[in-house]
file work-v2.txt (compact mmCIF, C-alpha atoms and all ligand atoms)
# COMPACT_ATOMS: atom_id res chain seq x y z
CA MET L 1174 36.84 27.55 19.80
CA ARG L 1175 34.24 29.40 17.74
CA HIS L 1176 30.64 28.24 17.35
CA GLU L 1177 30.49 25.97 20.39
CA ARG L 1178 26.71 25.80 20.37
CA GLU L 1179 26.56 25.11 16.61
CA ARG L 1180 29.28 22.45 16.84
CA ALA L 1181 27.30 20.69 19.56
CA GLU L 1182 24.24 20.84 17.31
CA VAL L 1183 26.09 19.17 14.42
CA VAL L 1184 27.33 16.43 16.78
CA ARG L 1185 23.80 15.91 18.11
CA TYR L 1186 22.24 15.61 14.64
CA GLY L 1187 24.93 13.15 13.54
CA LEU L 1188 23.95 10.94 16.47
CA GLU L 1189 20.29 11.54 15.74
CA MET L 1190 20.72 10.46 12.11
CA GLU L 1191 22.18 7.15 13.25
CA ARG L 1192 19.62 6.70 16.06
CA ARG L 1193 16.77 7.15 13.58
CA GLY L 1194 18.23 4.44 11.36
CA LEU L 1195 19.01 6.80 8.50
CA THR L 1196 22.62 5.66 8.30
CA SER L 1197 25.11 3.40 10.07
CA GLY L 1198 28.79 3.34 10.97
CA THR L 1199 30.62 6.37 9.63
CA SER L 1200 28.56 6.83 6.48
CA GLY L 1201 26.55 9.97 5.82
CA ASN L 1202 27.31 13.46 7.12
CA VAL L 1203 25.70 16.51 8.61
CA SER L 1204 26.47 20.20 8.15
CA LEU L 1205 25.21 23.56 9.37
CA ARG L 1206 25.67 26.98 7.78
CA VAL L 1207 27.44 29.60 9.89
CA GLU L 1208 28.67 33.11 9.15
CA GLU L 1209 32.03 32.08 7.62
CA GLY L 1210 30.80 29.01 5.75
CA VAL L 1211 29.76 25.63 7.15
CA LEU L 1212 30.44 23.31 10.07
CA ILE L 1213 30.59 19.69 8.89
CA THR L 1214 31.13 16.28 10.47
CA PRO L 1215 34.61 14.75 10.06
CA SER L 1216 35.50 11.76 7.91
CA SER L 1217 35.83 8.22 9.31
CA ILE L 1218 34.80 8.78 12.95
CA PRO L 1219 31.77 6.84 14.24
CA TYR L 1220 29.05 9.30 15.32
CA PRO L 1221 29.11 8.35 19.04
CA LEU L 1222 32.82 9.25 19.12
CA VAL L 1223 32.61 12.63 17.37
CA ALA L 1224 33.42 15.53 19.73
CA PRO L 1225 32.56 19.20 19.05
CA ALA L 1226 36.26 19.91 18.41
CA ASP L 1227 36.25 17.30 15.58
CA ILE L 1228 33.71 19.31 13.57
CA VAL L 1229 35.43 21.05 10.64
CA LEU L 1230 34.79 24.69 9.80
CA MET L 1231 35.22 25.48 6.10
CA ASP L 1232 34.24 28.29 3.76
CA LEU L 1233 31.87 27.74 0.82
CA ASP L 1234 34.83 27.13 -1.51
CA GLY L 1235 36.04 24.23 0.63
CA THR L 1236 38.99 25.92 2.34
CA VAL L 1237 39.33 24.60 5.89
CA LEU L 1238 39.23 27.52 8.33
CA GLN L 1239 39.43 25.54 11.55
CA GLY L 1240 39.78 21.86 12.39
CA GLU L 1241 42.41 19.13 12.70
CA ARG L 1242 40.26 16.39 11.22
CA ALA L 1243 39.65 15.69 7.55
CA ALA L 1244 36.23 16.94 6.50
CA SER L 1245 33.77 14.39 5.25
CA VAL L 1246 34.52 13.23 1.70
CA GLU L 1247 31.12 14.49 0.58
CA HIS L 1248 31.72 18.06 1.72
CA LYS L 1249 31.52 19.26 -1.91
CA VAL L 1250 27.93 18.05 -2.15
CA HIS L 1251 27.04 20.02 0.97
CA LEU L 1252 28.83 23.16 -0.25
CA ALA L 1253 27.09 22.96 -3.64
CA CYS L 1254 23.68 22.85 -1.90
CA TYR L 1255 24.53 25.92 0.22
CA ARG L 1256 25.83 27.83 -2.80
CA ALA L 1257 22.79 26.96 -4.91
CA ARG L 1258 20.22 27.72 -2.22
CA PRO L 1259 21.04 30.74 -0.03
CA GLU L 1260 18.13 30.02 2.33
CA VAL L 1261 19.45 26.55 3.23
CA ARG L 1262 21.05 26.38 6.68
CA GLY L 1263 21.24 22.63 7.27
CA VAL L 1264 22.22 19.69 5.02
CA VAL L 1265 21.94 15.99 5.88
CA HIS L 1266 23.44 13.26 3.73
CA SER L 1267 22.19 9.82 4.74
CA HIS L 1268 21.99 6.22 3.50
CA PRO L 1269 18.48 5.08 4.52
CA VAL L 1270 17.68 1.61 3.19
CA VAL L 1271 14.54 2.17 1.13
CA ALA L 1272 15.40 5.59 -0.29
CA THR L 1273 18.85 4.25 -1.17
CA ALA L 1274 17.16 1.39 -3.05
CA PHE L 1275 15.41 4.07 -5.16
CA ALA L 1276 18.82 5.71 -5.65
CA ALA L 1277 20.29 2.35 -6.69
CA ALA L 1278 17.48 1.73 -9.17
CA ARG L 1279 17.65 5.42 -10.16
CA VAL L 1280 13.92 5.81 -9.70
CA PRO L 1281 12.71 9.26 -8.56
CA LEU L 1282 10.16 9.47 -5.74
CA PRO L 1283 7.12 11.55 -6.76
CA SER L 1284 5.23 13.76 -4.31
CA PHE L 1285 2.45 11.20 -4.00
CA LEU L 1286 1.61 12.11 -0.36
CA ASP L 1287 0.41 15.50 0.88
CA GLU L 1288 3.23 15.75 3.42
CA LEU L 1289 5.87 15.10 0.76
CA GLY L 1290 4.48 17.99 -1.29
CA VAL L 1291 4.68 20.28 1.74
CA TYR L 1292 8.10 19.31 3.06
CA ALA L 1293 10.05 17.60 0.27
CA GLY L 1294 8.67 19.67 -2.61
CA ALA L 1295 7.84 18.83 -6.20
CA GLU L 1296 9.73 15.55 -6.54
CA VAL L 1297 12.75 13.72 -5.14
CA ARG L 1298 14.85 13.56 -8.30
CA VAL L 1299 17.89 11.38 -8.94
CA ALA L 1300 21.16 13.25 -9.44
CA GLY L 1301 23.24 11.96 -12.33
CA TYR L 1302 25.84 9.40 -11.36
CA ALA L 1303 29.37 10.54 -10.57
CA LEU L 1304 32.06 9.30 -8.20
CA SER L 1305 31.87 10.21 -4.53
CA GLY L 1306 33.82 13.32 -3.58
CA THR L 1307 34.00 14.78 -7.10
CA ASP L 1308 33.03 18.26 -8.31
CA GLU L 1309 30.86 16.53 -10.91
CA LEU L 1310 28.76 14.80 -8.26
CA ALA L 1311 28.34 18.08 -6.34
CA ALA L 1312 27.16 19.84 -9.51
CA ASN L 1313 24.77 16.99 -10.34
CA VAL L 1314 23.20 17.12 -6.88
CA ALA L 1315 22.71 20.92 -6.99
CA ALA L 1316 21.16 20.64 -10.46
CA ALA L 1317 18.77 17.88 -9.36
CA LEU L 1318 17.81 19.81 -6.22
CA GLY L 1319 16.72 22.84 -8.24
CA GLU L 1320 14.54 25.41 -6.50
CA ASP L 1321 11.43 23.33 -5.89
CA SER L 1322 12.74 20.42 -3.83
CA SER L 1323 14.47 19.77 -0.52
CA ALA L 1324 15.66 16.23 -1.27
CA VAL L 1325 17.78 14.52 -3.91
CA LEU L 1326 18.69 10.88 -4.43
CA ILE L 1327 22.36 10.33 -5.27
CA ALA L 1328 22.55 7.63 -7.95
CA SER L 1329 23.88 4.30 -6.61
CA HIS L 1330 24.63 5.93 -3.26
CA GLY L 1331 22.06 7.59 -0.96
CA LEU L 1332 20.05 10.68 -0.08
CA VAL L 1333 20.71 14.41 0.48
CA THR L 1334 18.16 16.64 2.22
CA VAL L 1335 18.28 20.35 2.95
CA GLY L 1336 16.35 22.68 5.22
CA ARG L 1337 16.21 26.07 6.82
CA ASP L 1338 17.81 24.37 9.84
CA LEU L 1339 19.09 20.90 10.70
CA ALA L 1340 15.78 19.87 12.24
CA ALA L 1341 14.05 20.57 8.92
CA ALA L 1342 16.69 18.72 6.86
CA MET L 1343 16.48 15.71 9.20
CA ARG L 1344 12.68 15.71 9.07
CA VAL L 1345 12.75 15.59 5.27
CA ALA L 1346 15.22 12.67 5.35
CA GLU L 1347 12.81 10.71 7.58
CA LEU L 1348 9.80 11.66 5.47
CA VAL L 1349 11.51 10.58 2.23
CA GLU L 1350 12.55 7.26 3.75
CA ARG L 1351 9.06 6.54 5.06
CA GLY L 1352 7.59 7.85 1.82
CA ALA L 1353 9.77 5.53 -0.25
CA LEU L 1354 8.55 2.52 1.73
CA THR L 1355 4.92 3.69 1.56
CA TYR L 1356 5.29 4.17 -2.20
CA LEU L 1357 6.33 0.53 -2.64
CA CYS L 1358 3.34 -0.61 -0.57
CA ALA L 1359 0.97 1.65 -2.54
CA LYS L 1360 2.38 0.22 -5.77
CA ALA L 1361 1.47 -3.25 -4.56
CA LEU L 1362 -2.10 -1.99 -4.08
CA GLY L 1363 -2.35 -0.68 -7.61
CA GLY L 1364 -0.34 2.52 -7.28
CA PRO L 1365 -0.92 5.84 -5.52
CA ALA L 1366 -3.85 7.96 -6.74
CA GLU L 1367 -3.29 11.39 -8.29
CA ILE L 1368 -3.47 14.35 -5.89
CA PRO L 1369 -5.77 17.09 -7.27
CA GLU L 1370 -4.00 20.05 -8.88
CA SER L 1371 -5.67 22.50 -6.44
CA SER L 1372 -4.03 20.64 -3.52
CA ARG L 1373 -0.69 20.47 -5.31
CA GLU L 1374 -0.79 24.22 -5.85
CA LEU L 1375 -1.46 24.78 -2.15
CA PHE L 1376 1.45 22.47 -1.22
CA ARG L 1377 3.74 24.41 -3.59
CA GLN L 1378 2.85 27.61 -1.75
CA VAL L 1379 3.35 26.07 1.69
CA PHE L 1380 6.66 24.55 0.57
CA ALA L 1381 7.84 27.95 -0.68
CA TYR L 1382 6.78 29.56 2.59
CA TYR L 1383 8.65 27.00 4.73
CA ARG L 1384 11.68 27.27 2.48
CA THR L 1385 12.19 30.95 3.12
CA LYS L 1386 10.52 31.39 6.51
CA PRO L 1387 12.84 33.49 8.68
CA ASP L 1388 13.94 32.16 12.09
ZN ZN J 1 27.32 8.73 1.37
call {"tool": "encode", "arguments": {"input": "work-v2.txt", "output": "structure tokens"}}
result
Amino acid sequence: MRHERERAEVVRYGLEMERRGLTSGTSGNVSLRVEEGVLITPSSIPYPLVAPADIVLMDLDGTVLQGERAASVEHKVHLACYRARPEVRGVVHSHPVVATAFAAARVPLPSFLDELGVYAGAEVRVAGYALSGTDELAANVAAALGEDSSAVLIASHGLVTVGRDLAAAMRVAELVERGALTYLCAKALGGPAEIPESSRELFRQVFAYYRTKPD
């Protein structure tokens, strides 16, 4: 079996996503870029039961290269992120409660905290609504991601985060979830204050550096 170490990593991050409360049951999915395409978690298997052999290897067009299991229904969203952003090596799709509430209300999350500017980028935009598993949804997510963000809310559904590895994509998912909750609290206190433009410019530079930083 090819990519044993990478398969184990995808399994581990699937478990990690559930352990951190970013999803539950079989929802969400995790993928990692490899030479031939991506390794992605299978559909409909609870994370604690996913074995390395269950991870599906597919090329960037969605052709399964290795794997008996059905790939996650959202594989097109993952593939669209990898095609749109060549530097991305890890994608996490999760259903965290507060960020998903923003997705349900279709309210974008601004970069109102320094750490969001550094790690999540300019803004967490909401991708236009389309049905799960469709090419349209994949295109909407890639368009909303753009070049200046590492997180997108999927309308009426959940969250997608990307990174130069799975650790980075998972960190952004956690930051966006915590950020979404903090944003609601700050709103109750009168709303978050503006971050000075000089700081925002610095965060843009740091974000760009992290985005493309080689291993
Ligand atoms: Zn989902």
call {"tool": "residues_near_ligand", "arguments": {"input": "work-v2.txt", "ligand": "ligand ZN 1 (chain J)", "cutoff": "6 Å", "atoms": "all atoms listed in the file", "output": "list in words"}}
result
Ser1200, Gly1201 and Gly1331 of chain L
call {"tool": "atom_distance", "arguments": {"input": "work-v2.txt", "atom1": "atom CA of L:Ser1322", "atom2": "atom CA of L:Ile1228"}}
result
27.3 Å
call {"tool": "atom_distance", "arguments": {"input": "work-v2.txt", "atom1": "atom CA of L:Lys1360", "atom2": "atom CA of L:Val1270"}}
result
17.8 Å
call {"tool": "residues_near_point", "arguments": {"input": "work-v2.txt", "point": "(32.3, 27.4, 16.0)", "cutoff": "9 Å", "atoms": "all atoms listed in the file", "output": "PyMOL selection string"}}
result
chain L and resi 1174-1180+1207+1212+1225-1226+1228-1230+1239
call {"tool": "residues_around", "arguments": {"input": "work-v2.txt", "residues": "L:Gly1294", "least_positions_apart": "5", "cutoff": "10 Å", "atoms": "all atoms listed in the file", "output": "ChimeraX atom specification"}}
result
/L:1283-1284,1287-1289,1318,1320-1324,1345,1373,1376-1381,1384
call {"tool": "residues_near_point", "arguments": {"input": "work-v2.txt", "point": "(15.1, 6.5, 15.0)", "cutoff": "12 Å", "atoms": "all atoms listed in the file", "output": "number ranges by chain"}}
result
L: 1186-1197, 1269, 1343-1344, 1346-1347, 1350-1351
call {"tool": "closest_residue", "arguments": {"input": "work-v2.txt", "among": "L:Val1203, L:Glu1374, L:Glu1182, L:Lys1386", "to": "L:Gly1290", "atoms": "all atoms listed in the file"}}
result
L:Glu1374
call {"tool": "closest_residue", "arguments": {"input": "work-v2.txt", "among": "L:Val1333, L:Leu1233, L:Ala1244, L:Leu1362", "to": "L:Ile1218", "atoms": "all atoms listed in the file"}}
result
L:Ala1244
call {"tool": "residues_around", "arguments": {"input": "work-v2.txt", "residues": "L:Tyr1255", "least_positions_apart": "6", "cutoff": "8 Å", "atoms": "all atoms listed in the file", "output": "ChimeraX atom specification"}}
result
/L:1206,1233,1261-1262
call {"tool": "residues_around", "arguments": {"input": "work-v2.txt", "residues": "L:Gly1263", "least_positions_apart": "4", "cutoff": "8 Å", "atoms": "only C-alpha atoms", "output": "count of residues only"}}
result
12
call {"tool": "closest_atom_pairs", "arguments": {"input": "work-v2.txt", "of": "stretch 1322-1345 of chain L", "to": "stretch 1300-1317 of chain L", "cutoff": "8 Å", "atoms": "all atoms listed in the file", "output": "Markdown table"}}
result
| residue | atom | partner | partner_atom | distance |
| --- | --- | --- | --- | --- |
| L:Val1325 | CA | L:Ala1317 | CA | 6.5 |
| L:Leu1326 | CA | L:Ala1300 | CA | 6.1 |
| L:Ile1327 | CA | L:Ala1300 | CA | 5.2 |
| L:Ala1328 | CA | L:Tyr1302 | CA | 5.1 |
| L:Ser1329 | CA | L:Tyr1302 | CA | 7.2 |
call {"tool": "closest_residue", "arguments": {"input": "work-v2.txt", "among": "L:Leu1375, L:Val1183, L:Ala1276, L:Val1246", "to": "L:Val1264", "atoms": "only C-alpha atoms"}}
result
L:Val1183
call {"tool": "closest_residue", "arguments": {"input": "work-v2.txt", "among": "L:Gly1210, L:Gly1319, L:Leu1354, L:Glu1370", "to": "L:Ala1257", "atoms": "only C-alpha atoms"}}
result
L:Gly1319
call {"tool": "closest_residue", "arguments": {"input": "work-v2.txt", "among": "L:Thr1273, L:Ser1217, L:Ser1245, L:Thr1334", "to": "L:Met1231", "atoms": "only C-alpha atoms"}}
result
L:Ser1245
call {"tool": "atom_distance", "arguments": {"input": "work-v2.txt", "atom1": "atom CA of L:Thr1385", "atom2": "atom CA of L:Arg1258"}}
result
10.2 Å
call {"tool": "closest_residue", "arguments": {"input": "work-v2.txt", "among": "L:Tyr1292, L:Ala1366, L:Glu1209, L:Arg1256", "to": "L:Tyr1382", "atoms": "all atoms listed in the file"}}
result
L:Tyr1292
